[in-house]
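Content type mmCIF, C-alpha atoms, from the file query_21.cif:
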data_input
loop_
_atom_site.group_PDB
_atom_site.id
_atom_site.type_symbol
_atom_site.label_atom_id
_atom_site.label_comp_id
_atom_site.auth_asym_id
_atom_site.auth_seq_id
_atom_site.Cartn_x
_atom_site.Cartn_y
_atom_site.Cartn_z
ATOM 1 C CA MET E 1013 99.517 111.368 84.038
ATOM 2 C CA LYS E 1014 95.869 110.877 83.164
ATOM 3 C CA PRO E 1015 95.006 108.662 80.211
ATOM 4 C CA PRO E 1016 94.002 110.580 77.070
ATOM 5 C CA SER E 1017 90.328 111.190 76.358
ATOM 6 C CA ALA E 1018 88.315 108.899 74.128
ATOM 7 C CA LYS E 1019 88.354 111.624 71.440
ATOM 8 C CA PHE E 1020 92.162 111.824 71.623
ATOM 9 C CA GLN E 1021 92.459 108.051 71.295
ATOM 10 C CA SER E 1022 89.911 108.063 68.480
ATOM 11 C CA VAL E 1023 91.982 110.629 66.556
ATOM 12 C CA VAL E 1024 95.115 108.498 66.848
ATOM 13 C CA LYS E 1025 93.214 105.433 65.640
ATOM 14 C CA ALA E 1026 91.505 107.390 62.833
ATOM 15 C CA SER E 1027 94.871 108.785 61.658
ATOM 16 C CA PHE E 1028 96.051 105.180 61.284
ATOM 17 C CA ASN E 1029 92.908 104.322 59.279
ATOM 18 C CA ILE E 1030 93.348 107.388 57.059
ATOM 19 C CA ALA E 1031 96.963 106.403 56.418
ATOM 20 C CA LEU E 1032 95.840 102.908 55.439
ATOM 21 C CA GLU E 1033 93.141 104.306 53.154
ATOM 22 C CA LEU E 1034 95.693 106.545 51.415
ATOM 23 C CA GLN E 1035 98.173 103.654 51.218
ATOM 24 C CA SER E 1036 100.660 105.642 53.280
ATOM 25 C CA GLY E 1037 103.692 104.004 54.788
ATOM 26 C CA ILE E 1038 103.814 106.394 57.718
ATOM 27 C CA ILE E 1039 101.421 108.543 59.758
ATOM 28 C CA THR E 1040 102.139 112.271 59.475
ATOM 29 C CA SER E 1041 100.679 115.271 61.276
ATOM 30 C CA ALA E 1042 98.461 115.769 58.206
ATOM 31 C CA HIS E 1043 96.853 112.383 58.879
ATOM 32 C CA ILE E 1044 96.288 113.445 62.491
ATOM 33 C CA LEU E 1045 94.776 116.789 61.455
ATOM 34 C CA SER E 1046 92.521 115.025 58.961
ATOM 35 C CA ALA E 1047 91.347 112.677 61.708
ATOM 36 C CA ILE E 1048 90.475 115.623 63.962
ATOM 37 C CA LEU E 1049 88.405 117.249 61.228
ATOM 38 C CA GLN E 1050 86.458 114.022 60.607
ATOM 39 C CA SER E 1051 84.674 114.448 63.923
ATOM 40 C CA LYS E 1052 82.076 117.112 63.200
ATOM 41 C CA GLU E 1053 80.931 117.184 66.849
ATOM 42 C CA ASP E 1054 84.441 117.866 68.164
ATOM 43 C CA GLU E 1055 84.821 121.436 69.461
ATOM 44 C CA THR E 1056 88.402 121.649 68.241
ATOM 45 C CA ALA E 1057 87.366 120.623 64.722
ATOM 46 C CA GLN E 1058 84.541 123.160 64.835
ATOM 47 C CA ALA E 1059 86.973 125.929 65.848
ATOM 48 C CA ILE E 1060 89.235 125.100 62.902
ATOM 49 C CA LEU E 1061 86.351 124.958 60.441
ATOM 50 C CA ARG E 1062 84.887 128.260 61.720
ATOM 51 C CA LEU E 1063 88.158 130.036 60.974
ATOM 52 C CA THR E 1064 88.574 128.872 57.396
ATOM 53 C CA THR E 1065 86.769 130.513 54.522
ATOM 54 C CA ASP E 1066 86.648 127.261 52.566
ATOM 55 C CA SER E 1067 86.500 124.062 54.604
ATOM 56 C CA GLU E 1068 86.507 121.829 51.523
ATOM 57 C CA THR E 1069 89.752 123.384 50.265
ATOM 58 C CA LEU E 1070 91.281 122.908 53.711
ATOM 59 C CA LYS E 1071 90.252 119.248 53.802
ATOM 60 C CA GLN E 1072 91.548 118.693 50.256
ATOM 61 C CA SER E 1073 94.884 120.341 51.145
ATOM 62 C CA ILE E 1074 95.253 118.127 54.195
ATOM 63 C CA ARG E 1075 94.411 114.990 52.226
ATOM 64 C CA SER E 1076 96.779 115.932 49.399
ATOM 65 C CA GLU E 1077 99.668 116.554 51.792
ATOM 66 C CA ALA E 1078 98.922 113.365 53.726
ATOM 67 C CA LEU E 1079 98.892 111.438 50.459
ATOM 68 C CA THR E 1080 102.200 112.935 49.317
ATOM 69 C CA HIS E 1081 104.113 112.849 52.592
ATOM 70 C CA GLY E 1082 102.676 109.551 53.782
ATOM 71 C CA LYS E 1083 104.905 107.859 51.226
ATOM 72 C CA ASP E 1084 108.067 109.375 52.763
ATOM 73 C CA VAL E 1085 108.958 106.492 55.064
ATOM 74 C CA PRO E 1086 112.301 107.219 56.756
ATOM 75 C CA ASP E 1087 115.135 104.766 56.227
ATOM 76 C CA LYS E 1088 115.177 103.926 59.952
ATOM 77 C CA TYR E 1089 111.823 102.140 59.497
ATOM 78 C CA LYS E 1090 112.737 100.553 56.180
ATOM 79 C CA LYS E 1091 115.918 99.095 57.662
ATOM 80 C CA SER E 1092 114.387 98.094 60.993
ATOM 81 C CA PRO E 1093 110.732 97.197 60.467
ATOM 82 C CA ARG E 1094 110.677 95.226 63.720
ATOM 83 C CA LYS E 1095 110.482 98.524 65.655
ATOM 84 C CA VAL E 1096 106.896 98.914 64.408
ATOM 85 C CA PRO E 1097 104.338 96.349 65.625
ATOM 86 C CA GLN E 1098 103.034 94.078 62.897
ATOM 87 C CA GLY E 1099 99.814 95.434 61.368
ATOM 88 C CA SER E 1100 100.649 98.974 62.427
ATOM 89 C CA LEU E 1101 102.315 101.984 60.849
ATOM 90 C CA PRO E 1102 105.060 104.175 62.266
ATOM 91 C CA MET E 1103 104.446 107.825 63.065
ATOM 92 C CA SER E 1104 106.720 110.370 61.505
ATOM 93 C CA ASP E 1105 109.005 112.132 63.968
ATOM 94 C CA GLU E 1106 106.896 115.293 63.707
ATOM 95 C CA ALA E 1107 103.641 113.409 64.305
ATOM 96 C CA GLU E 1108 105.116 111.607 67.293
ATOM 97 C CA THR E 1109 106.440 114.900 68.677
ATOM 98 C CA ILE E 1110 102.971 116.433 68.415
ATOM 99 C CA ILE E 1111 101.267 113.537 70.222
ATOM 100 C CA VAL E 1112 103.907 113.418 72.980
ATOM 101 C CA SER E 1113 103.786 117.200 73.380
ATOM 102 C CA ALA E 1114 99.982 117.112 73.660
ATOM 103 C CA MET E 1115 100.282 114.551 76.441
ATOM 104 C CA LYS E 1116 102.903 116.635 78.252
ATOM 105 C CA VAL E 1117 100.868 119.841 78.011
ATOM 106 C CA SER E 1118 97.798 118.142 79.428
ATOM 107 C CA ALA E 1119 99.813 116.445 82.192
ATOM 108 C CA LYS E 1120 101.363 119.758 83.199
ATOM 109 C CA ALA E 1121 97.860 121.254 83.476
ATOM 110 C CA ASN E 1122 96.681 118.061 85.235
ATOM 111 C CA VAL E 1123 93.857 117.571 82.738
ATOM 112 C CA THR E 1124 92.937 114.781 80.363
ATOM 113 C CA ALA E 1125 94.616 115.094 76.954
ATOM 114 C CA ASP E 1126 92.081 115.999 74.294
ATOM 115 C CA THR E 1127 92.033 117.071 70.652
ATOM 116 C CA CYS E 1128 92.606 120.716 71.602
ATOM 117 C CA HIS E 1129 95.969 119.685 73.074
ATOM 118 C CA ILE E 1130 96.908 118.007 69.808
ATOM 119 C CA VAL E 1131 96.104 121.146 67.802
ATOM 120 C CA VAL E 1132 97.936 123.403 70.269
ATOM 121 C CA SER E 1133 100.952 121.109 69.859
ATOM 122 C CA ILE E 1134 100.601 121.423 66.087
ATOM 123 C CA LEU E 1135 100.517 125.204 66.437
ATOM 124 C CA ASP E 1136 103.675 125.074 68.573
ATOM 125 C CA ASN E 1137 105.512 123.006 65.967
ATOM 126 C CA HIS E 1138 106.031 125.501 63.138
ATOM 127 C CA GLU E 1139 107.911 122.948 61.067
ATOM 128 C CA SER E 1140 105.137 120.374 61.093
ATOM 129 C CA LEU E 1141 103.200 119.602 57.980
ATOM 130 C CA ALA E 1142 99.880 120.221 59.755
ATOM 131 C CA TYR E 1143 101.007 123.661 60.955
ATOM 132 C CA LEU E 1144 102.044 124.675 57.442
ATOM 133 C CA ILE E 1145 98.676 123.534 56.073
ATOM 134 C CA LEU E 1146 96.728 125.432 58.733
ATOM 135 C CA LYS E 1147 98.882 128.545 58.317
ATOM 136 C CA GLY E 1148 98.036 128.613 54.621
ATOM 137 C CA GLN E 1149 94.293 128.287 55.233
ATOM 138 C CA LEU E 1150 93.417 130.283 58.360
ATOM 139 C CA ASP E 1151 94.621 132.683 61.047
ATOM 140 C CA VAL E 1152 96.663 130.398 63.303
ATOM 141 C CA GLN E 1153 96.966 133.062 66.020
ATOM 142 C CA GLN E 1154 93.210 133.363 66.238
ATOM 143 C CA LEU E 1155 92.904 129.584 66.417
ATOM 144 C CA ARG E 1156 95.476 129.526 69.214
ATOM 145 C CA SER E 1157 93.483 132.171 71.095
ATOM 146 C CA GLU E 1158 90.279 130.192 70.758
ATOM 147 C CA LEU E 1159 91.937 126.990 71.936
ATOM 148 C CA ALA E 1160 93.761 128.680 74.825
ATOM 149 C CA VAL E 1161 90.502 128.683 76.757
ATOM 150 C CA ALA E 1162 90.217 124.905 76.424
ATOM 151 C CA VAL E 1163 93.857 124.219 77.322
#
Represent the structure contained in this file as structure tokens.
Amino acid sequence: MKPPSAKFQSVVKASFNIALELQSGIITSAHILSAILQSKEDETAQAILRLTTDSETLKQSIRSEALTHGKDVPDKYKKSPRKVPQGSLPMSDEAETIIVSAMKVSAKANVTADTCHIVVSILDNHESLAYLILKGQLDVQQLRSELAVAV
């Protein structure tokens, strides 16, 4: 398995920083999606922003959901804080699933994991917070088609 791209790693780190800024207790897929959209040069972010009629509303929706759901720290982390390294935050199960899935998809294709793999994983996880946000703001099938070329 190839190590993830610098952009991929940057998104994971930025999602942590966004969670800290919002005083979240956990990183959700909304934090990850917000981190992707912060990088204006990223092709995946550009594809998402091209497909929405109102990018500011999309960004506000993501931030609002991250703020709300970032407070929903599961009991397993409250009862066992030693599982999370000191100075870090846990990822929600859905956020972790998305990151792991992105790595698996890229490994299967024998390519470096990038932000497009994260978004494709979001689009595959219909229960994720990020998917529900995107579905409410743009045509997710069209986004999938645009990203299929990159994956």
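Distance-wise, CA of Ala1018 (chain E) and CA of Gln1050 (chain E) end up 14.6 Å apart.
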Using only C-alpha atoms: which of E:Ser1022, E:Thr1109, E:Asn1029, E:Ser1073 has the shortest distance to Ile1145 (chain E)
E:Ser1073
Hits from the PyMOL selection byres ((chain E and resi 1130-1137) around 7), listed as a list of chain:residue names
E:Ile1110, E:Ile1111, E:Ser1113, E:Ala1114, E:Asp1126, E:Thr1127, E:Cys1128, E:His1129, E:His1138, E:Glu1139, E:Ser1140, E:Ala1142, E:Tyr1143, E:Arg1156
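The point (108.8, 107.6, 66.6) has these residues within 12 Å of it, counting all atoms listed in the file: Ile1038, Ile1039, Thr1040, Val1085, Pro1086, Lys1088, Tyr1089, Lys1095, Val1096, Leu1101, Pro1102, Met1103, Ser1104, Asp1105, Glu1106, Ala1107, Glu1108, Thr1109, Ile1110, Ile1111 and Val1112 of chain E.
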Please enumerate the residues selected by the PyMOL selection byres ((chain E and resi 1153) around 12) when evaluated against the supplied file, formatted as a PyMOL selection string.
chain E and resi 1060+1063+1132+1135-1136+1143+1146-1147+1150-1152+1154-1160
Restrict the selected residues to C-alpha atoms and save them as a PDB file, in the coordinates of the input.
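What landed in result.pdb:
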ATOM      1  CA  ILE E1060      89.235 125.100  62.902  1.00  0.00           C
ATOM      2  CA  LEU E1063      88.158 130.036  60.974  1.00  0.00           C
ATOM      3  CA  VAL E1132      97.936 123.403  70.269  1.00  0.00           C
ATOM      4  CA  LEU E1135     100.517 125.204  66.437  1.00  0.00           C
ATOM      5  CA  ASP E1136     103.675 125.074  68.573  1.00  0.00           C
ATOM      6  CA  TYR E1143     101.007 123.661  60.955  1.00  0.00           C
ATOM      7  CA  LEU E1146      96.728 125.432  58.733  1.00  0.00           C
ATOM      8  CA  LYS E1147      98.882 128.545  58.317  1.00  0.00           C
ATOM      9  CA  LEU E1150      93.417 130.283  58.360  1.00  0.00           C
ATOM     10  CA  ASP E1151      94.621 132.683  61.047  1.00  0.00           C
ATOM     11  CA  VAL E1152      96.663 130.398  63.303  1.00  0.00           C
ATOM     12  CA  GLN E1154      93.210 133.363  66.238  1.00  0.00           C
ATOM     13  CA  LEU E1155      92.904 129.584  66.417  1.00  0.00           C
ATOM     14  CA  ARG E1156      95.476 129.526  69.214  1.00  0.00           C
ATOM     15  CA  SER E1157      93.483 132.171  71.095  1.00  0.00           C
ATOM     16  CA  GLU E1158      90.279 130.192  70.758  1.00  0.00           C
ATOM     17  CA  LEU E1159      91.937 126.990  71.936  1.00  0.00           C
ATOM     18  CA  ALA E1160      93.761 128.680  74.825  1.00  0.00           C
TER      19      ALA E1160
END
Closest of E:Thr1124, E:Arg1062, E:Glu1077, E:Thr1056 to Gln1021 (chain E), counting only C-alpha atoms, is E:Thr1124
What is the distance between CA of Ser1046 (chain E) and CA of Met1013 (chain E), in Å to one decimal?
26.3 Å
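Atom pair CA of Val1123 (chain E) / CA of Lys1014 (chain E) has a distance of 7.0 Å (rounded to one decimal).
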